[in-house]
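Notes to accompany the following structure.
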Amino acid sequence: MATTEEPTADIELPPPQTESGRPRQKAVTIGAVCKALRQEFPDISISKIRYLEDQKLLAPRRTQGGYRLYTPNDIQRLRTILRLQRDEFLPLRVIRQELAGGRAEPEVTSRGDGRSLRRATVTVRDTGALYSLDDVVDETGADPGLVRELVEFGVIKGEIRAGSRYFDETEREIIRAVSELARYGVGGRNLRVFRTSADREAQLLQSILAPALRSRNPERRKEAVEALENLASVTTHLKHLLLIRDLRRIAT
């Protein structure tokens, strides 16, 4: 049976009415969505948007003819999904959980040059919340044996209190990320290279800003911490670019 190709250009439609009689937000076709997002996401395509819908991440409304129509809210949700994929390297399963938990703009923000980075937060804070092994396992879905392996190989350390080990929020998120890698057979011993790399980068950034970080002037120390955060974001993006470059060589 012949199929009708979905229109890829913006079309004028009479504004549909909600149950309250108010017009809905103006909706556009899938082609118009691609055009609107292509500057920030050059690889965006109609097939990719359809795939995200198949994965239950998007739910555009349909016309009586079956054509997809996207509201501004749909487009903003799609932009958030694409940024989480590109900048935080999250798998779709995790993105779905993030969105279900209320993750949205402006938490995922774009830089003026079209690239988006989630700033690394290194500002000195109070200890904050601590999580037991059971808490971490419940929240991340990690295998308890994997967490113990990460401690054994020095990827995380935790803090011993009353004979039990507790983990802070950053270590909890490390465990969450490693759990994703574990699905591909990556274990704690394989992650020592990441720990070694992180230690060397921290030492480099410390050497750059050491005098300001040791300053007795509170304002100067504050500026140094902000600079440290900026450097952390830049180095994270640089590592991503270098990794993508090398992976492209492997794939060719």
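In the structure tokens, chains take the letters A, B, ... in the order shown, each chain's residues start at 1, and ligands count up from 1 in the order shown.
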
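Within stretch 49-88 of chain A, DSSP applied to the backbone places the following residues in strand (DSSP E): Arg61, Arg62, Arg68 and Leu69 of chain A.
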
Could I get the residues of stretch 18-107 of chain A with an atom no further than 12 Å from an atom of stretch 158-181 of chain A, each paired with its nearest atom pair and that distance in Å to one decimal, using only C-alpha atoms, sorted by chain and residue number, as CSV?
```
residue,atom,partner,partner_atom,distance
A:Glu88,CA,A:Ala177,CA,10.5
A:Phe89,CA,A:Ala177,CA,9.8
A:Leu90,CA,A:Ala177,CA,8.8
A:Pro91,CA,A:Glu180,CA,8.4
A:Leu92,CA,A:Glu180,CA,11.4
A:Arg93,CA,A:Glu180,CA,10.2
A:Val94,CA,A:Glu180,CA,9.4
```

Writer output for current selection, C-alpha atoms, as a compact mmCIF listing (two decimals), in the first residue's frame:
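Written output follows (out05.txt):
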```txt
# COMPACT_ATOMS: atom_id res chain seq x y z
CA GLU A 88 26.47 15.07 29.09
CA PHE A 89 26.74 11.88 27.00
CA LEU A 90 23.64 10.41 28.68
CA PRO A 91 21.98 7.32 27.18
CA LEU A 92 18.31 7.64 26.23
CA ARG A 93 17.19 5.55 29.20
CA VAL A 94 18.80 8.00 31.60
```

Distance of atom CA of A:Gln97 from atom CA of A:Ile30, expressed in Å to one decimal place: 24.5 Å

Interatomic distance, atom CA of A:Leu150 to atom CA of A:Gly101 (Å, one decimal): 27.2 Å

Atomic separation - atom CA of A:Cys34 relative to atom CA of A:Ile49, Å: 8.5 Å

Closest of A:Gln55, A:Asn190, A:Thr29, A:Gln206 to A:Tyr70 - atom-to-atom distances counting only C-alpha atoms: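 With only C-alpha atoms as the atom set, the closest residue is A:Thr29.
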
Residue among A:Leu133, A:Ala100, A:Leu37, A:Val186 lying closest to A:Leu57, counting only C-alpha atoms: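 Checking each candidate against A:Leu57, we get A:Ala100 as the closest.
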
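With distances taken over only C-alpha atoms, A:Thr196 is the one residue among A:Ser45, A:Thr80, A:Asn73, A:Thr196 lying closest to A:Phe153.
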
Nearest candidate to A:Gln76 (options A:Leu99, A:Arg249, A:Arg220, A:Gln64; using only C-alpha atoms):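 Looking only at the distances to A:Gln76, the closest residue turns out to be A:Leu99.
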
Shortest interatomic distance to A:Gly31 - which of A:Glu229, A:Pro211, A:Arg68, A:Ile250, counting only C-alpha atoms: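 Among the listed residues, A:Arg68 lies closest to A:Gly31.
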
Hey, what's within 9 Å of A:Ala212 if we count only C-alpha atoms and toss same-chain stuff fewer than 5 positions away? As a PDB file with N, CA and C atoms, in the first residue's frame, please?
```pdb
ATOM      1  N   ASN A 217      43.034  36.952  50.493  1.00  0.00           N
ATOM      2  CA  ASN A 217      41.964  37.858  50.069  1.00  0.00           C
ATOM      3  C   ASN A 217      40.756  37.030  49.624  1.00  0.00           C
ATOM      4  N   ARG A 220      39.760  37.404  45.958  1.00  0.00           N
ATOM      5  CA  ARG A 220      40.682  36.766  45.020  1.00  0.00           C
ATOM      6  C   ARG A 220      40.486  35.259  45.011  1.00  0.00           C
ATOM      7  N   ARG A 221      40.246  34.653  46.193  1.00  0.00           N
ATOM      8  CA  ARG A 221      40.002  33.210  46.243  1.00  0.00           C
ATOM      9  C   ARG A 221      38.711  32.860  45.516  1.00  0.00           C
ATOM     10  N   LYS A 222      37.701  33.711  45.682  1.00  0.00           N
ATOM     11  CA  LYS A 222      36.435  33.480  44.994  1.00  0.00           C
ATOM     12  C   LYS A 222      36.627  33.517  43.482  1.00  0.00           C
ATOM     13  N   GLU A 223      37.367  34.498  43.007  1.00  0.00           N
ATOM     14  CA  GLU A 223      37.650  34.598  41.569  1.00  0.00           C
ATOM     15  C   GLU A 223      38.432  33.387  41.083  1.00  0.00           C
ATOM     16  N   ALA A 224      39.348  32.896  41.922  1.00  0.00           N
ATOM     17  CA  ALA A 224      40.147  31.735  41.533  1.00  0.00           C
ATOM     18  C   ALA A 224      39.279  30.495  41.412  1.00  0.00           C
ATOM     19  N   VAL A 225      38.324  30.331  42.319  1.00  0.00           N
ATOM     20  CA  VAL A 225      37.425  29.177  42.255  1.00  0.00           C
ATOM     21  C   VAL A 225      36.553  29.254  41.005  1.00  0.00           C
TER      22      VAL A 225
END
```

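By only C-alpha atoms, and with residues fewer than 3 positions from A:Arg61 along its chain excluded, the set lying at most 10 Å from it is Ala27, Leu58, Gln64, Gly66, Tyr67, Arg68, Leu69, Tyr70, Thr71 and Asp74 of chain A.
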